[in-house]
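Engineer: Below you'll find work-v5.txt; it's compact mmCIF, C-alpha atoms.
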# COMPACT_ATOMS: atom_id res chain seq x y z
CA MET A 25 26.17 -35.38 -143.38
CA THR A 26 24.95 -32.03 -144.57
CA LEU A 27 27.89 -29.82 -145.43
CA ASP A 28 26.09 -26.78 -146.79
CA ALA A 29 23.34 -26.50 -144.18
CA ALA A 30 22.04 -23.04 -143.40
CA PRO A 31 23.04 -21.75 -139.99
CA LEU A 32 20.32 -21.57 -137.36
CA ASP A 33 17.86 -18.73 -137.31
CA PRO A 34 17.63 -16.79 -134.03
CA THR A 35 14.60 -18.75 -132.76
CA ASP A 36 16.23 -22.12 -133.50
CA ARG A 37 19.32 -20.86 -131.76
CA ARG A 38 17.35 -20.01 -128.63
CA ILE A 39 15.79 -23.47 -128.67
CA VAL A 40 19.25 -25.05 -128.97
CA GLN A 41 20.52 -22.97 -126.07
CA ALA A 42 17.48 -23.87 -123.96
CA THR A 43 17.91 -27.62 -124.54
CA GLN A 44 21.63 -28.25 -124.90
CA ALA A 45 22.03 -29.05 -121.21
CA GLY A 46 19.09 -31.49 -121.47
CA LEU A 47 15.30 -31.65 -121.77
CA PRO A 48 13.34 -30.71 -118.65
CA LEU A 49 12.21 -33.89 -116.90
CA VAL A 50 8.55 -32.91 -116.68
CA PRO A 51 5.46 -34.48 -118.26
CA GLU A 52 5.21 -31.77 -120.95
CA PRO A 53 8.83 -30.77 -121.62
CA TYR A 54 8.20 -28.95 -124.90
CA ALA A 55 5.47 -26.81 -123.32
CA LYS A 56 7.90 -25.90 -120.54
CA ILE A 57 10.61 -24.86 -123.03
CA ALA A 58 7.99 -22.90 -124.99
CA ALA A 59 6.90 -21.02 -121.87
CA THR A 60 10.52 -20.09 -121.11
CA LEU A 61 11.06 -18.73 -124.62
CA GLY A 62 7.69 -17.09 -125.18
CA LEU A 63 6.75 -19.52 -127.96
CA SER A 64 3.88 -21.98 -128.30
CA GLU A 65 4.38 -25.69 -127.63
CA ALA A 66 3.45 -26.39 -131.26
CA GLN A 67 6.17 -24.01 -132.47
CA VAL A 68 8.82 -25.68 -130.31
CA ILE A 69 7.78 -29.16 -131.47
CA ALA A 70 7.69 -28.10 -135.11
CA ARG A 71 11.11 -26.46 -134.93
CA LEU A 72 12.67 -29.42 -133.11
CA ALA A 73 11.18 -31.73 -135.75
CA ALA A 74 12.53 -29.55 -138.54
CA MET A 75 15.99 -29.46 -136.94
CA GLN A 76 15.88 -33.25 -136.65
CA GLN A 77 14.88 -33.45 -140.34
CA ARG A 78 17.81 -31.22 -141.34
CA GLY A 79 20.25 -33.21 -139.22
CA VAL A 80 20.93 -30.38 -136.77
CA ILE A 81 19.52 -32.68 -134.08
CA ARG A 82 20.91 -36.17 -134.55
CA ARG A 83 18.64 -37.73 -131.98
CA ILE A 84 16.94 -37.01 -128.66
CA ALA A 85 18.38 -39.56 -126.29
CA VAL A 86 20.20 -40.45 -123.08
CA ALA A 87 23.97 -40.10 -122.89
CA PRO A 88 25.12 -43.08 -120.81
CA ASN A 89 28.15 -42.63 -118.55
CA HIS A 90 30.16 -45.66 -119.62
CA TYR A 91 32.57 -45.46 -116.74
CA ALA A 92 29.83 -45.36 -114.09
CA LEU A 93 28.15 -48.32 -115.78
CA GLY A 94 31.28 -50.40 -115.35
CA MET A 95 32.80 -49.88 -118.80
CA THR A 96 36.06 -48.62 -117.31
CA ALA A 97 38.29 -49.77 -120.17
CA ASN A 98 38.09 -48.13 -123.54
CA GLY A 99 40.31 -48.17 -126.57
CA MET A 100 40.26 -46.37 -129.89
CA SER A 101 40.69 -49.24 -132.33
CA VAL A 102 41.95 -48.25 -135.77
CA TRP A 103 41.89 -50.31 -138.95
CA ASP A 104 43.33 -50.09 -142.44
CA VAL A 105 40.34 -51.24 -144.49
CA ALA A 106 40.10 -51.51 -148.27
CA ASP A 107 38.38 -48.33 -149.47
CA ASP A 108 35.89 -50.15 -151.70
CA ARG A 109 34.56 -52.15 -148.72
CA ILE A 110 34.67 -49.59 -145.92
CA SER A 111 31.06 -48.33 -146.11
CA ASP A 112 29.61 -51.82 -145.87
CA LEU A 113 32.04 -52.99 -143.20
CA GLY A 114 31.88 -49.74 -141.24
CA ALA A 115 28.11 -50.11 -140.92
CA ARG A 116 28.56 -53.68 -139.60
CA ILE A 117 31.17 -52.61 -137.05
CA GLY A 118 29.05 -49.61 -135.97
CA ALA A 119 26.16 -51.99 -135.29
CA LEU A 120 28.12 -54.04 -132.73
CA PRO A 121 26.70 -53.40 -129.23
CA PHE A 122 30.07 -52.55 -127.65
CA VAL A 123 31.06 -49.98 -130.29
CA THR A 124 30.01 -46.43 -129.40
CA HIS A 125 31.61 -44.37 -132.13
CA CYS A 126 32.61 -45.65 -135.54
CA TYR A 127 33.95 -43.39 -138.27
CA TRP A 128 35.58 -43.52 -141.67
CA ARG A 129 38.41 -40.96 -141.61
CA PRO A 130 41.17 -40.13 -144.11
CA ARG A 131 44.55 -41.84 -143.84
CA ALA A 132 47.60 -39.64 -143.24
CA LEU A 133 50.30 -41.53 -145.10
CA PRO A 134 53.03 -42.42 -144.49
CA GLN A 135 52.61 -41.96 -140.71
CA TRP A 136 49.05 -43.20 -140.39
CA SER A 137 47.53 -45.87 -142.60
CA TYR A 138 44.27 -46.43 -140.68
CA ASN A 139 40.95 -45.24 -142.09
CA LEU A 140 38.32 -46.89 -139.84
CA PHE A 141 38.09 -45.77 -136.21
CA ALA A 142 35.91 -47.71 -133.72
CA MET A 143 35.74 -46.90 -130.01
CA LEU A 144 35.55 -50.15 -128.03
CA HIS A 145 34.31 -50.32 -124.45
CA GLY A 146 34.64 -53.07 -121.87
CA GLU A 147 34.99 -53.77 -118.17
CA SER A 148 38.69 -54.57 -118.58
CA ARG A 149 41.42 -54.33 -121.19
CA ALA A 150 41.15 -58.11 -121.65
CA GLU A 151 37.48 -57.69 -122.53
CA VAL A 152 38.30 -54.85 -124.93
CA GLU A 153 40.94 -57.04 -126.59
CA ALA A 154 38.38 -59.86 -127.00
CA LYS A 155 36.04 -57.38 -128.68
CA ARG A 156 38.86 -56.17 -130.89
CA ALA A 157 39.31 -59.78 -132.03
CA GLU A 158 35.60 -59.91 -132.90
CA VAL A 159 35.99 -56.78 -135.04
CA SER A 160 39.06 -58.27 -136.68
CA ALA A 161 37.13 -61.42 -137.57
CA ILE A 162 34.36 -59.39 -139.22
CA LEU A 163 36.82 -57.29 -141.24
CA GLY A 164 38.73 -60.38 -142.36
CA ASP A 165 40.97 -59.94 -145.38
CA ALA A 166 39.54 -56.47 -146.11
CA CYS A 167 41.77 -55.27 -143.24
CA ARG A 168 45.50 -54.96 -143.90
CA ASP A 169 46.68 -53.72 -140.49
CA HIS A 170 45.24 -52.54 -137.19
CA ASP A 171 46.14 -51.08 -133.82
CA ILE A 172 44.44 -49.88 -130.63
CA LEU A 173 45.15 -46.71 -128.69
CA TYR A 174 44.17 -46.75 -125.03
CA SER A 175 43.54 -43.47 -123.30
CA THR A 176 45.87 -42.95 -120.36
CA ARG A 177 44.62 -39.52 -119.27
CA ILE A 178 41.69 -37.21 -119.95
CA LEU A 179 43.41 -33.88 -120.57
CA LYS A 180 40.25 -31.84 -121.22
CA LYS A 181 36.55 -32.55 -121.56
CA THR A 182 33.90 -29.93 -122.19
CA GLY A 183 30.61 -30.40 -123.97
CA LEU A 184 29.61 -28.68 -127.16
CA ARG A 185 28.24 -25.28 -126.24
CA LEU A 186 26.83 -22.60 -128.48
CA ARG A 187 28.28 -19.28 -127.47
CA ASP A 188 25.71 -16.85 -126.18
CA ASP A 189 26.12 -14.29 -128.98
CA MET B 25 28.48 -30.73 -119.25
CA THR B 26 30.69 -31.43 -116.29
CA ARG B 27 33.34 -34.07 -116.42
CA PRO B 28 31.72 -37.41 -115.54
CA ALA B 29 32.76 -38.73 -112.16
CA ARG B 30 35.29 -41.56 -112.47
CA THR B 31 33.33 -43.78 -110.11
CA VAL B 32 31.79 -47.10 -110.96
CA LEU B 33 28.29 -47.63 -109.60
CA PRO B 34 27.72 -50.78 -107.50
CA PRO B 35 26.41 -53.58 -109.76
CA ASP B 36 22.95 -53.68 -108.17
CA THR B 37 22.33 -49.94 -108.65
CA LEU B 38 20.22 -50.44 -111.77
CA ASP B 39 17.26 -52.78 -112.00
CA ALA B 40 16.00 -54.40 -115.20
CA THR B 41 13.67 -51.47 -115.89
CA ASP B 42 16.52 -48.96 -115.57
CA ARG B 43 18.56 -51.02 -118.04
CA ALA B 44 15.65 -51.22 -120.45
CA ILE B 45 15.32 -47.42 -120.22
CA LEU B 46 19.02 -46.93 -120.97
CA ASN B 47 18.77 -49.16 -124.01
CA ALA B 48 15.45 -47.84 -125.32
CA LEU B 49 16.20 -44.15 -124.93
CA GLN B 50 19.42 -44.11 -126.94
CA ASP B 51 17.69 -44.04 -130.29
CA ALA B 52 14.58 -41.93 -130.45
CA PHE B 53 12.28 -39.85 -128.31
CA SER B 54 8.98 -38.57 -129.58
CA LEU B 55 8.13 -34.97 -130.39
CA THR B 56 4.66 -35.19 -128.93
CA PRO B 57 3.14 -33.13 -126.09
CA ARG B 58 3.59 -35.91 -123.49
CA PRO B 59 6.66 -37.78 -124.75
CA PHE B 60 7.53 -39.46 -121.42
CA ASP B 61 4.07 -41.06 -121.36
CA ASP B 62 4.68 -42.38 -124.89
CA ALA B 63 8.17 -43.69 -124.13
CA GLY B 64 6.99 -45.15 -120.82
CA ALA B 65 4.10 -46.99 -122.47
CA ALA B 66 6.58 -48.78 -124.74
CA LEU B 67 8.47 -49.89 -121.63
CA GLY B 68 5.37 -50.81 -119.61
CA ILE B 69 5.75 -47.99 -117.08
CA THR B 70 4.01 -44.67 -116.53
CA GLY B 71 5.45 -41.38 -117.74
CA ALA B 72 5.80 -40.29 -114.12
CA ASP B 73 7.84 -43.40 -113.30
CA LEU B 74 10.05 -42.83 -116.36
CA ILE B 75 10.69 -39.23 -115.34
CA ALA B 76 11.53 -40.26 -111.78
CA ARG B 77 13.89 -42.98 -112.99
CA LEU B 78 15.64 -40.67 -115.48
CA ALA B 79 16.12 -38.06 -112.75
CA ARG B 80 17.64 -40.71 -110.49
CA LEU B 81 19.89 -42.07 -113.26
CA ARG B 82 21.13 -38.55 -113.84
CA ASP B 83 21.58 -37.80 -110.13
CA ILE B 84 23.64 -40.95 -109.51
CA GLY B 85 25.70 -40.34 -112.66
CA ALA B 86 24.57 -43.35 -114.71
CA ILE B 87 23.71 -40.92 -117.50
CA THR B 88 25.37 -37.59 -118.15
CA ARG B 89 22.32 -35.99 -119.76
CA PHE B 90 19.04 -36.63 -121.52
CA GLY B 91 18.09 -34.46 -124.46
CA PRO B 92 18.90 -33.48 -128.03
CA PHE B 93 22.29 -34.32 -129.53
CA PHE B 94 23.26 -31.52 -131.89
CA ASP B 95 25.44 -31.80 -134.97
CA ALA B 96 27.94 -28.95 -135.12
CA ALA B 97 28.40 -29.32 -138.89
CA ALA B 98 24.67 -29.05 -139.57
CA MET B 99 24.57 -25.86 -137.46
CA GLY B 100 27.19 -24.35 -139.77
CA GLY B 101 30.13 -25.30 -137.55
CA ALA B 102 32.58 -28.15 -137.68
CA PHE B 103 34.18 -30.91 -135.63
CA CYS B 104 37.54 -32.49 -136.33
CA LEU B 105 39.60 -35.15 -134.60
CA CYS B 106 43.27 -34.09 -134.46
CA ALA B 107 46.45 -35.80 -133.32
CA MET B 108 49.97 -34.73 -132.41
CA ALA B 109 53.19 -36.56 -131.60
CA VAL B 110 54.35 -34.67 -128.53
CA PRO B 111 57.84 -35.25 -127.11
CA PRO B 112 57.33 -36.68 -123.59
CA ASP B 113 59.46 -34.02 -121.93
CA ARG B 114 57.26 -31.29 -123.43
CA PHE B 115 53.93 -33.06 -122.93
CA ASP B 116 52.46 -30.98 -120.12
CA ALA B 117 53.59 -27.67 -121.64
CA VAL B 118 52.05 -28.57 -125.00
CA MET B 119 48.88 -29.78 -123.27
CA THR B 120 48.55 -26.37 -121.64
CA GLN B 121 49.03 -24.61 -124.99
CA VAL B 122 46.50 -26.85 -126.75
CA ASN B 123 43.87 -26.77 -124.00
CA ALA B 124 44.05 -22.96 -123.84
CA HIS B 125 42.13 -22.88 -127.15
CA PRO B 126 38.38 -22.81 -126.39
CA GLU B 127 37.86 -24.73 -129.67
CA VAL B 128 39.44 -27.81 -128.03
CA ALA B 129 36.41 -29.74 -126.75
CA HIS B 130 38.09 -32.97 -125.60
CA ASN B 131 41.71 -33.94 -125.28
CA TYR B 132 43.09 -37.38 -124.43
CA GLU B 133 46.54 -38.78 -123.90
CA ARG B 134 46.82 -42.10 -125.76
CA THR B 135 49.29 -44.96 -126.05
CA HIS B 136 50.93 -44.31 -129.44
CA ALA B 137 53.66 -42.18 -131.05
CA LEU B 138 50.69 -39.90 -131.82
CA ASN B 139 50.13 -39.46 -128.09
CA MET B 140 47.76 -36.46 -127.94
CA TRP B 141 44.30 -36.72 -129.52
CA PHE B 142 41.85 -33.87 -129.34
CA VAL B 143 38.62 -32.73 -130.94
CA LEU B 144 38.22 -29.23 -132.32
CA ALA B 145 34.68 -27.79 -132.41
CA THR B 146 34.42 -24.50 -134.26
CA ALA B 147 31.64 -22.18 -135.34
CA THR B 148 32.68 -22.35 -139.02
CA PRO B 149 34.52 -24.98 -141.10
CA ASP B 150 37.40 -22.50 -141.61
CA GLY B 151 37.92 -22.44 -137.85
CA ILE B 152 39.31 -26.00 -137.84
CA ASP B 153 42.24 -25.20 -140.09
CA ARG B 154 42.82 -21.82 -138.45
CA THR B 155 42.96 -23.33 -134.95
CA ALA B 156 45.17 -26.22 -136.06
CA ARG B 157 47.61 -23.81 -137.73
CA ALA B 158 47.65 -21.63 -134.58
CA ILE B 159 48.51 -24.66 -132.44
CA GLU B 160 51.27 -25.65 -134.88
CA HIS B 161 52.67 -22.12 -134.75
CA GLU B 162 52.64 -22.04 -130.95
CA THR B 163 54.08 -25.50 -130.39
CA GLY B 164 56.27 -26.02 -133.45
CA LEU B 165 54.63 -29.45 -133.77
CA ARG B 166 52.53 -30.82 -136.61
CA VAL B 167 48.77 -31.16 -136.07
CA MET B 168 47.31 -34.04 -138.09
CA LEU B 169 43.64 -33.67 -139.04
CA PHE B 170 41.26 -36.63 -139.19
CA PRO B 171 37.86 -35.23 -140.24
CA LYS B 172 35.06 -37.79 -140.42
CA LEU B 173 34.14 -38.90 -143.92
CA GLU B 174 31.25 -41.09 -142.78
CA GLU B 175 29.76 -42.04 -139.42
CA TYR B 176 28.40 -45.43 -138.45
CA PHE B 177 26.33 -45.05 -135.27
CA ILE B 178 24.23 -47.49 -133.39
CA GLY B 179 25.05 -46.80 -129.78
CA PHE B 180 25.84 -48.54 -126.61
CA ARG B 181 23.86 -51.33 -125.00
CA VAL B 182 23.84 -52.35 -121.38
CA GLN B 183 23.12 -55.96 -120.51
CA ALA B 184 19.42 -56.13 -119.74
Do you think you could lay out the structure here as structure tokens?

Structural biologist:
Amino acid sequence: MTLDAAPLDPTDRRIVQATQAGLPLVPEPYAKIAATLGLSEAQVIARLAAMQQRGVIRRIAVAPNHYALGMTANGMSVWDVADDRISDLGARIGALPFVTHCYWRPRALPQWSYNLFAMLHGESRAEVEAKRAEVSAILGDACRDHDILYSTRILKKTGLRLRDD
Amino acid sequence: MTRPARTVLPPDTLDATDRAILNALQDAFSLTPRPFDDAGAALGITGADLIARLARLRDIGAITRFGPFFDAAAMGGAFCLCAMAVPPDRFDAVMTQVNAHPEVAHNYERTHALNMWFVLATATPDGIDRTARAIEHETGLRVMLFPKLEEYFIGFRVQA
């Protein structure tokens, strides 16, 4: 994670705004973006590559809709993992196929002792619980305590949007 | 991004090629002039077929989008997961106060004493603390901050 990255220059910003809703589904998508912005295709490709290099773009990929694909149960599993083992174990948990997000976060003692967060998806709560047991087995004695928080309501959901300023 | 429809697609909606596309296109996509041709070749289909299938997957809601994923922190902004313990009899009023902040990108009710979990996305790192303090001031409730220290990402796989 880059913490001191330079903000985007105006041209990068226009490219972000032109692509944040998605890439055009045409044979030459970068040429199409370039034409919209008055740039060359090579400029768009070079700037996208540079943004990927700097970590501004994490990846260019599909965003699956878990719910539509049958993954209707999801739980935020949380784990109290020994600090000296969390990087190694976090990477192993993040690599499991049913884990979509996996983060090391600070504890908030005394109310909150968990430092590893892993979002688990399944077709039912029973399936999510079985996956939680798999995670538990991998963490073994490095994990002191754990819990899972199921979402009961989506209260708000908007994508990340750069303001047009 | 609109809120994804809470509808499950019938099990036979996707064929093996669609599933292979979902799995293959979660990691990388080339920055070449004809990237769909390149990605299609790796899957044994033409670029035109890949484009048509992606458009269909998007139209039926199997994917919410296809394109770059941006990192707010690397753009000079910040993301932070936050949680509050909201008294049940005040839940909807507090939800309205919290959601009124444009910095609140997602908000979920969850099964725990910490029953409201939301993500703040702000243009600058200072904005996280400022927004959290504003919410505390408005609600009289503590906002706990859980910034990420490290991320472990691989992604989601559908059964092929």

Engineer: Quick one: pull the distance between atom CA of Pro171 of chain B and atom CA of Met99 of chain B, Å, one decimal.

Structural biologist: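 That distance, rounded to one decimal, is 16.5 Å.
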
Engineer: Residues proximal to (9.4, -38.1, -120.8) were defined as those with any atom within 7 Å of that point in the file's coordinates, counting all atoms listed in the file. Which are they, as a list in words?

Structural biologist: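 Neighbouring residues, ordered by chain and number, come to Leu49, Val50 and Pro51 of chain A; Arg58, Pro59, Phe60, Asp61, Ala63, Gly71, Leu74 and Ile75 of chain B.
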
Engineer: Output C-alpha atoms for every residue in that selection, as a PDB file, keeping the file's coordinate frame.

Structural biologist:
ATOM      1  CA  LEU A  49      12.210 -33.890-116.900  1.00  0.00           C
ATOM      2  CA  VAL A  50       8.550 -32.910-116.680  1.00  0.00           C
ATOM      3  CA  PRO A  51       5.460 -34.480-118.260  1.00  0.00           C
TER       4      PRO A  51
ATOM      5  CA  ARG B  58       3.590 -35.910-123.490  1.00  0.00           C
ATOM      6  CA  PRO B  59       6.660 -37.780-124.750  1.00  0.00           C
ATOM      7  CA  PHE B  60       7.530 -39.460-121.420  1.00  0.00           C
ATOM      8  CA  ASP B  61       4.070 -41.060-121.360  1.00  0.00           C
ATOM      9  CA  ALA B  63       8.170 -43.690-124.130  1.00  0.00           C
ATOM     10  CA  GLY B  71       5.450 -41.380-117.740  1.00  0.00           C
ATOM     11  CA  LEU B  74      10.050 -42.830-116.360  1.00  0.00           C
ATOM     12  CA  ILE B  75      10.690 -39.230-115.340  1.00  0.00           C
TER      13      ILE B  75
END

Engineer: For chain B, work out the contacting residues on chain A at 6 Å, counting all atoms listed in the file, and write them as a PyMOL selection string.

Structural biologist: chain A and resi 26+29+31+46-47+49+51-52+69+80-89+92+94+115+118-119+121-122+124+126-129+173-183

Engineer: Provide the atom CA of Pro130 of chain A to atom CA of Ser111 of chain A distance in Å, to one decimal place.

Structural biologist: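 Distance between the two atoms: 13.2 Å.
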
Engineer: Between atom CA of Val123 of chain A and atom CA of Met143 of chain A, measure the distance and give it in Å to one decimal.

Structural biologist: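 Distance between the two atoms: 5.6 Å.
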
Engineer: Just give me the residues with any atom within 12 Å of (32.0, -56.8, -130.7), file coordinates, counting all atoms listed in the file, written as a PyMOL selection string.

Structural biologist: (chain A and resi 101+116-124+142-146+151-163) or (chain B and resi 180-181)

Engineer: Extract, using all atoms listed in the file, all DNA, RNA and protein residues at most 9 Å from Ala55 of chain A, discarding same-chain residues fewer than 5 positions from it, and format them as a list of chain:residue names.

Structural biologist: A:Thr60, A:Leu63, A:Ser64, A:Glu65, A:Ala66, A:Val68, A:Ile69, B:Pro57
